[in-house]
Amino acid sequence: MSKAVYIATIEPNSGKSIVVLGMMRMLLGKIAKVGYFRPIIDDPASGEVDNHINTVISHFELDINFKNAYAYTRSEVLQKYNQGKSGEIIDGIIRKYKSLEEKFDFILVEGTDFSDEGSIIEFDINVIIAKNLGIPAIIVASGIDKKNEEIAGNLKLAFDTFNSKDVEVLAMVANKVTPGCEQELNTAFEKNFKNGVERIIIPRVNSLINPTIKEIVNELDGTVLFGKEYLNNQAGNFGVGAMQLRNYLTHLKENSLVVTPGDRADIILGVLQANISDNYPKISGIILTGGIIPEKPILKLIEGVSISFPIISVPSGTFSITNQIGAIKSKIYVDNLQKINTSISTFEKYVDEDHLADRLITFKSEGLTPRMFQYNLLRRALQHKKHIVLPEGADERILRATSRLLASDVVEITLIGDQKKIKNKAVKLDIPIDFNKVNIVFPTESPYYDDYVQTFYELRKHKNVNLDMAKDMMADVSYFGTMMIYKGHADGMVSGAIHTTQHTIRPALQFIKTKPGVKVVSSVFFMCLEDRVSVFGDCAINPNPNAEQLAEIAISSSESASAFGIEPKVAMLSYSSGTSGKGADVEIVRAATTIVKEKRPDLKIEGPIQYDAAVDMKVGQSKLPDSEVAGQASVLIFPDLNTGNNTYKAVQRETGALAIGPMLQGLNKPVNDLSRGCTVDDVYNTVIITAIQAQGL
C-alpha cells in the first residue's frame with residue numbers, strides 16, 4: 001500500500017508548484033495527517049531556507065520541522081557523487097523519508113527543480129529516488145514554446161523511463177499549455193499513451209507566470225524608494241519610458257511595469273497621474289535606472305501622492321535592466337497568497353481530484369479532521385456555485401475576503417455600496433480584485449429598486465408600512481440584500497462586519513421567515529479543534545431558551561451537523577450529568593432532552609451532561625458508562641447564550657481553534673451574521689458555508 005506520491009518534472013520552470021499546492025490541498029481534505037518531503041533542495045542563500053519547503057509548510061501549517069523536510073542540498077549531492085558515494089545519497093534519503101512515514105498517514109514528495117540546467121544526472125536521480133522509496137509518480141512538463149507533439153513526446157519519454165525502473169506513473173501533467181490547444185494536445189496524448197495513465201492538461205495562467213515586483217527587486221538588487229507594501233504587485237508586462245510622455249502614455253497596458261531613467265521626471269509624474277486616472281490602466285511599478293534618484297522637489301511631490309505601486313531604483317542602465325527583467329522566472333512565495341490561491345483553484349479546475357485520489361489513496365483515514373472539513377467545505381461549494389450578496393461592500397475585510405473567494409472561484413459575489421468608493425478603496429489598499437467578475441450595486445440606483453419597494457410594501461402593509469417607509473427600508477443595505485434573496489436575485493447573504501446582529505437578521509425574520517415546522521431561528525459554530533470538528537449551538541442568538549426552544553435548537557443543530565458531514569452525537573450541556581443534579585436550569589435541559597427523544601428517536605442524544613463528560617472518553621465512561629454519546633459528542637448544545645458564547649470564545653482563544661460561524665439555521669433561505677470583530681478568514685469561511693446552505697434549498 002502506497003503512502004506517498006512523487007511529483008517529478010523533466011525540465012526547469014515546469015510550474016510543478018501548481019501540482020504540489022493543489023495536491024497538498026486535496027490530500028489534506030481526505031487524509032488526517034499529511035507530510036511533505038524534498039529529497040534534494042537547492043543550496044539556500046545564507047540565513048535563508050528553501051522557498052518550496054517554506055511555502056508549503058507555512059501555508060498549510062504542517063507539523064514538520066524544516067530540517068526534517070529535506071535530506072540533502074544540491075552541493076552535498078554533487079560532493080558525494082564526486083567522491084563515488086552515490087549510494088550514501090539514497091540511503092540518507094530513505095532514512096529521512098522513513099522517519100516521516102512513521103509520523104504521517106501520507107507524504108507528498110517533491111522532486112528537484114532542474115535549477116542547474118546543465119545537470120545530466122538530475123532526471124535519473126528523480127527516477128532512482130522514486131524507485132527506492134517504492135512510491136508512484138506524477139510527472140510534470142511545461143508547454144511554453146513547445147508544439148503539442150513535442151510536449152506529448154517528452155512526457156512519453158519520461159513515462160517510459162520511470163516505467164523501465166518499475167515506478168508506477170499515476171498521471172502526466174502538461175502545464176502552461178497555450179490556451180485553445182487543449183483538444184489537439186489531448187489527441188497527441190491518446191496516440192502516445194495507451195494504458196489508461198491519467199492525462200492532465202493545464203492551460204497557461206498569466207497571473208502565475210508574471211513575476212512580482214518583489215522578485216524583480218531581488219533579481220536587480222534594487223532599492224525600494226516608495227510603496228514597499230505593494231511589492232506583491234505583478235508585472236503583467238514592461239516597457240521603457242524613453243519617448244516623450246504624450247507618446248509613451250499610449251503604450252501603457254494593464255499592470256505595466258515602467259522602466260525609465262531616474263532623471264525622467266516627466267515620465268515619472270505622468271505615470272503617477274495616469275495610474276489614478278480612470279482613462280488609463282493600472283500600473284504595477286516604476287523602475288528608475290542608472291542609479292539616478294529624482295531631484296528633491298520631485299521626491300517631495302511623490303511623497304504627497306497616494307500611490308498603489310512601488311518605485312524602485314536600480315544601479316544598471318536601461319538596456320541591461322530590461323534584458324534582466326525579461327529573463328526573470330516567477331516563483332511562488334509564502335506571502336503571496338494571491339498566487340497560492342490561484343494555483344490551487346487552477347489545479348482544482350483542471351484535475352479530476354476524486355478520480356486521481358481514488359488511484360492514489362489506498363487506505364481510508366478514520367474521523368473528520370479540521371483540514372478534511374475545510375477542504376470538503378470548499379469542494380462542496382465548488383460543485384454548484386451560488387450567488388452570495390455582501391451588503392458591507394466597502395469594508396476592508398469584506399474586500400480582502402472577496403479577493404480570496406474570486407481567486408478560489410467558489411462563488412459569485414454582489415457587493416452593495418458605492419461603486420467608485422469600493423473600487424478606490426481596493427486600489428488604495430492594493431487588494432487584487434477583478435471587478436469584471438463582481439457585481440456592485442447601490443440600492444437606490446438599482447433597476448430593481450422600485451420593484452423591491454413595491455414588494456416590501458405588499459409584504460408588510462398589514463404591519464402599517466406605507467410606500468415612503470418601504471422606500472427608506474429598501475435604501476438600507478441589509479434590507480436590500482435580503483430582498484435580493486427573497487426575489488431570487490441572490491442565493492444567500494453574509495453581513496454583520498459593521499452592522500449589529502439585529503440589523504442583519506431582522507429583515508430575514510420579516511419576510512424570508514422560518515422553514516415550515518420551525519419556530520426558532522438559532523445558530524451553530526463549527527469548532528475546528530486540533531483533531532476533530534465539533535458543532536456548538538446556540539452561541540449567538542437565543543439568550544434564555546425554554547425546554548421546547550432548546551429541543552428545537554438541538555434538532556436543528558444535529559441536522560446542520562449531518563448536512564456538513566458530521567455524524568451527530570448530541571450532548572445537552574448542563575452543570576450536572578445524568579440524574580444527579582437538581583434545580584430549575586437542569587430541569588429545562590432534562591425536559592428538552594425528553595422532547596428531542598420523542599420527536600427524533602433516531603438521534604443519539606444525552607442530557608443533561610457536563611462538558612468534560614461529553615468530550616472526554618474517560619470522564620464520560622466514569623459518569624455515564626452506558627451512554628453512546630458521553631466522551632464522543634460531536635454536537636454540543638449550551639443551555640443559554642451566556643454560557644455558549646463565552647465557552648466558544650474561551651475554547652477559540654485558549655486552544656487556537658478555528659471557529660467557523662455563526663451559521664444561522666431555521667430560515668427559508670440562508671442569511672448569516674458576522675461578528676463586528678470578524679477576520680478575513682471568518683468572512684471567507686462564512687460565505688462558503690452560506691453557499692453550501694443555499695445548495696440544500
# chains A, B, ... in the order shown; residues from 1 in each chain; ligands from 1
>>> select_by_dssp(residues="region 123-221 of chain A", states="strand (DSSP E or B)", output="VMD selection string")
chain A and resid 137 to 142 169 to 177 198 to 203 212
>>> select_by_dssp(residues="region 199-369 of chain A", states="alpha helix (DSSP H)", output="MDAnalysis selection string")
chainID A and resid 206:209 213:220 245:248 265:276 296:303 318:327 337:350 353:360
>>> closest_residue(among="A:Thr342, A:Asn233, A:Ser478, A:Asn439", to="Met493 (chain A)", atoms="only C-alpha atoms")
A:Ser478
>>> atom_distance(atom1="CA of Ile283 (chain A)", atom2="CA of Thr346 (chain A)")
25.3 Å
>>> residues_around(residues="Ser634 (chain A)", least_positions_apart="3", cutoff="6 Å", atoms="only C-alpha atoms", output="NGL selection string")
:A and (534 or 568-569)
>>> write_last_selection(atoms="N, CA and C atoms", output="short mmCIF file (atom, residue, chain, number, x, y, z; two decimals), in the first residue's frame")
data_model
loop_
_atom_site.label_atom_id
_atom_site.label_comp_id
_atom_site.auth_asym_id
_atom_site.auth_seq_id
_atom_site.Cartn_x
_atom_site.Cartn_y
_atom_site.Cartn_z
N SER A 534 -16.28 19.98 16.09
CA SER A 534 -17.48 19.91 16.92
C SER A 534 -18.44 21.02 16.52
N PRO A 568 -24.04 13.30 13.94
CA PRO A 568 -24.49 13.98 15.16
C PRO A 568 -24.60 13.05 16.36
N LYS A 569 -23.84 13.35 17.38
CA LYS A 569 -23.98 12.74 18.69
C LYS A 569 -24.17 13.90 19.64
#
>>> closest_atom_pairs(of="region 266-360 of chain A", to="region 194-213 of chain A", cutoff="10 Å", atoms="only C-alpha atoms", output="JSON lines")
{"residue": "A:Ser284", "atom": "CA", "partner": "A:Ile213", "partner_atom": "CA", "distance": 7.7}
{"residue": "A:Gly285", "atom": "CA", "partner": "A:Ile213", "partner_atom": "CA", "distance": 7.1}
{"residue": "A:Ile286", "atom": "CA", "partner": "A:Ile213", "partner_atom": "CA", "distance": 9.4}
{"residue": "A:Ile287", "atom": "CA", "partner": "A:Ile213", "partner_atom": "CA", "distance": 9.5}
{"residue": "A:Phe309", "atom": "CA", "partner": "A:Ile213", "partner_atom": "CA", "distance": 9.0}
{"residue": "A:Pro310", "atom": "CA", "partner": "A:Ile213", "partner_atom": "CA", "distance": 7.7}
{"residue": "A:Ile311", "atom": "CA", "partner": "A:Ile213", "partner_atom": "CA", "distance": 9.7}
{"residue": "A:Ile312", "atom": "CA", "partner": "A:Ile213", "partner_atom": "CA", "distance": 9.1}
{"residue": "A:Ile325", "atom": "CA", "partner": "A:Pro211", "partner_atom": "CA", "distance": 8.9}
{"residue": "A:Gly326", "atom": "CA", "partner": "A:Pro211", "partner_atom": "CA", "distance": 9.8}
{"residue": "A:Ile328", "atom": "CA", "partner": "A:Pro211", "partner_atom": "CA", "distance": 7.1}
{"residue": "A:Lys329", "atom": "CA", "partner": "A:Pro211", "partner_atom": "CA", "distance": 6.7}
{"residue": "A:Ser330", "atom": "CA", "partner": "A:Pro211", "partner_atom": "CA", "distance": 4.4}
{"residue": "A:Lys331", "atom": "CA", "partner": "A:Pro211", "partner_atom": "CA", "distance": 7.3}
{"residue": "A:Ile332", "atom": "CA", "partner": "A:Leu208", "partner_atom": "CA", "distance": 8.1}
{"residue": "A:Tyr333", "atom": "CA", "partner": "A:Thr212", "partner_atom": "CA", "distance": 10.0}
{"residue": "A:Asn336", "atom": "CA", "partner": "A:Thr212", "partner_atom": "CA", "distance": 9.0}
{"residue": "A:Gln338", "atom": "CA", "partner": "A:Ser207", "partner_atom": "CA", "distance": 9.2}
{"residue": "A:Lys339", "atom": "CA", "partner": "A:Leu208", "partner_atom": "CA", "distance": 6.1}
{"residue": "A:Ile340", "atom": "CA", "partner": "A:Leu208", "partner_atom": "CA", "distance": 8.9}
{"residue": "A:Thr342", "atom": "CA", "partner": "A:Leu208", "partner_atom": "CA", "distance": 7.6}
{"residue": "A:Ser343", "atom": "CA", "partner": "A:Leu208", "partner_atom": "CA", "distance": 7.3}
{"residue": "A:Thr346", "atom": "CA", "partner": "A:Ile202", "partner_atom": "CA", "distance": 7.7}
{"residue": "A:Phe347", "atom": "CA", "partner": "A:Ile202", "partner_atom": "CA", "distance": 7.6}
{"residue": "A:Lys349", "atom": "CA", "partner": "A:Ile202", "partner_atom": "CA", "distance": 8.8}
{"residue": "A:Tyr350", "atom": "CA", "partner": "A:Ile202", "partner_atom": "CA", "distance": 6.1}
{"residue": "A:Val351", "atom": "CA", "partner": "A:Ile200", "partner_atom": "CA", "distance": 6.5}
{"residue": "A:Asp352", "atom": "CA", "partner": "A:Ile200", "partner_atom": "CA", "distance": 8.7}
{"residue": "A:His355", "atom": "CA", "partner": "A:Glu198", "partner_atom": "CA", "distance": 9.2}
{"residue": "A:Leu356", "atom": "CA", "partner": "A:Glu198", "partner_atom": "CA", "distance": 7.7}
{"residue": "A:Arg359", "atom": "CA", "partner": "A:Glu198", "partner_atom": "CA", "distance": 9.6}
>>> write_last_selection(atoms="C-alpha atoms", output="short mmCIF file (atom, residue, chain, number, x, y, z; two decimals), in the first residue's frame")
data_model
loop_
_atom_site.label_atom_id
_atom_site.label_comp_id
_atom_site.auth_asym_id
_atom_site.auth_seq_id
_atom_site.Cartn_x
_atom_site.Cartn_y
_atom_site.Cartn_z
CA SER A 284 2.31 47.72 -11.25
CA GLY A 285 5.52 49.65 -10.58
CA ILE A 286 8.25 52.01 -11.78
CA ILE A 287 11.91 51.03 -12.19
CA PHE A 309 2.72 50.56 -6.61
CA PRO A 310 6.45 50.53 -5.72
CA ILE A 311 9.04 52.89 -7.14
CA ILE A 312 12.44 51.19 -7.37
CA ILE A 325 13.61 41.65 -16.33
CA GLY A 326 12.73 39.65 -19.42
CA ILE A 328 13.16 36.53 -14.69
CA LYS A 329 11.18 33.34 -13.99
CA SER A 330 8.44 33.84 -11.42
CA LYS A 331 8.20 31.73 -8.28
CA ILE A 332 5.53 31.32 -5.63
CA TYR A 333 6.35 32.64 -2.15
CA ASN A 336 1.92 35.84 -2.00
CA GLN A 338 -2.97 35.52 -4.42
CA LYS A 339 -0.64 33.26 -6.40
CA ILE A 340 -1.07 30.38 -3.95
CA THR A 342 -4.81 30.92 -7.89
CA SER A 343 -2.53 27.88 -8.16
CA THR A 346 -6.33 26.24 -11.21
CA PHE A 347 -5.39 22.71 -10.16
CA LYS A 349 -10.40 23.38 -12.14
CA TYR A 350 -8.45 21.13 -14.50
CA VAL A 351 -7.91 18.00 -12.41
CA ASP A 352 -10.50 15.33 -11.59
CA HIS A 355 -10.59 10.11 -9.68
CA LEU A 356 -6.93 10.88 -9.01
CA ARG A 359 -5.95 5.83 -7.60
#
>>> residues_around(residues="region 160-164 of chain A", least_positions_apart="2", cutoff="10 Å", atoms="only C-alpha atoms", output="JSON, numbers by chain")
{"A": [123, 124, 126, 127, 128, 130, 131, 136, 137, 139, 155, 156, 157, 158, 166, 167, 168, 169]}
>>> write_last_selection(atoms="C-alpha atoms", output="short mmCIF file (atom, residue, chain, number, x, y, z; two decimals), in the first residue's frame")
data_model
loop_
_atom_site.label_atom_id
_atom_site.label_comp_id
_atom_site.auth_asym_id
_atom_site.auth_seq_id
_atom_site.Cartn_x
_atom_site.Cartn_y
_atom_site.Cartn_z
CA PHE A 123 16.39 13.30 -14.17
CA ASP A 124 17.90 9.91 -13.39
CA ASN A 126 14.48 11.53 -9.50
CA VAL A 127 13.69 8.16 -11.07
CA ILE A 128 16.06 6.35 -8.70
CA ALA A 130 11.05 7.24 -6.53
CA LYS A 131 12.04 3.62 -7.16
CA PRO A 136 4.23 6.14 -7.57
CA ALA A 137 4.99 9.30 -9.53
CA ILE A 139 5.34 13.79 -13.98
CA LEU A 155 6.23 13.15 -21.46
CA LYS A 156 6.16 9.76 -23.20
CA LEU A 157 9.95 9.51 -22.95
CA ALA A 158 9.79 10.36 -19.24
CA ASP A 166 9.29 -0.21 -12.21
CA VAL A 167 7.99 3.13 -10.96
CA GLU A 168 4.25 3.39 -11.46
CA VAL A 169 3.25 6.67 -13.13
#
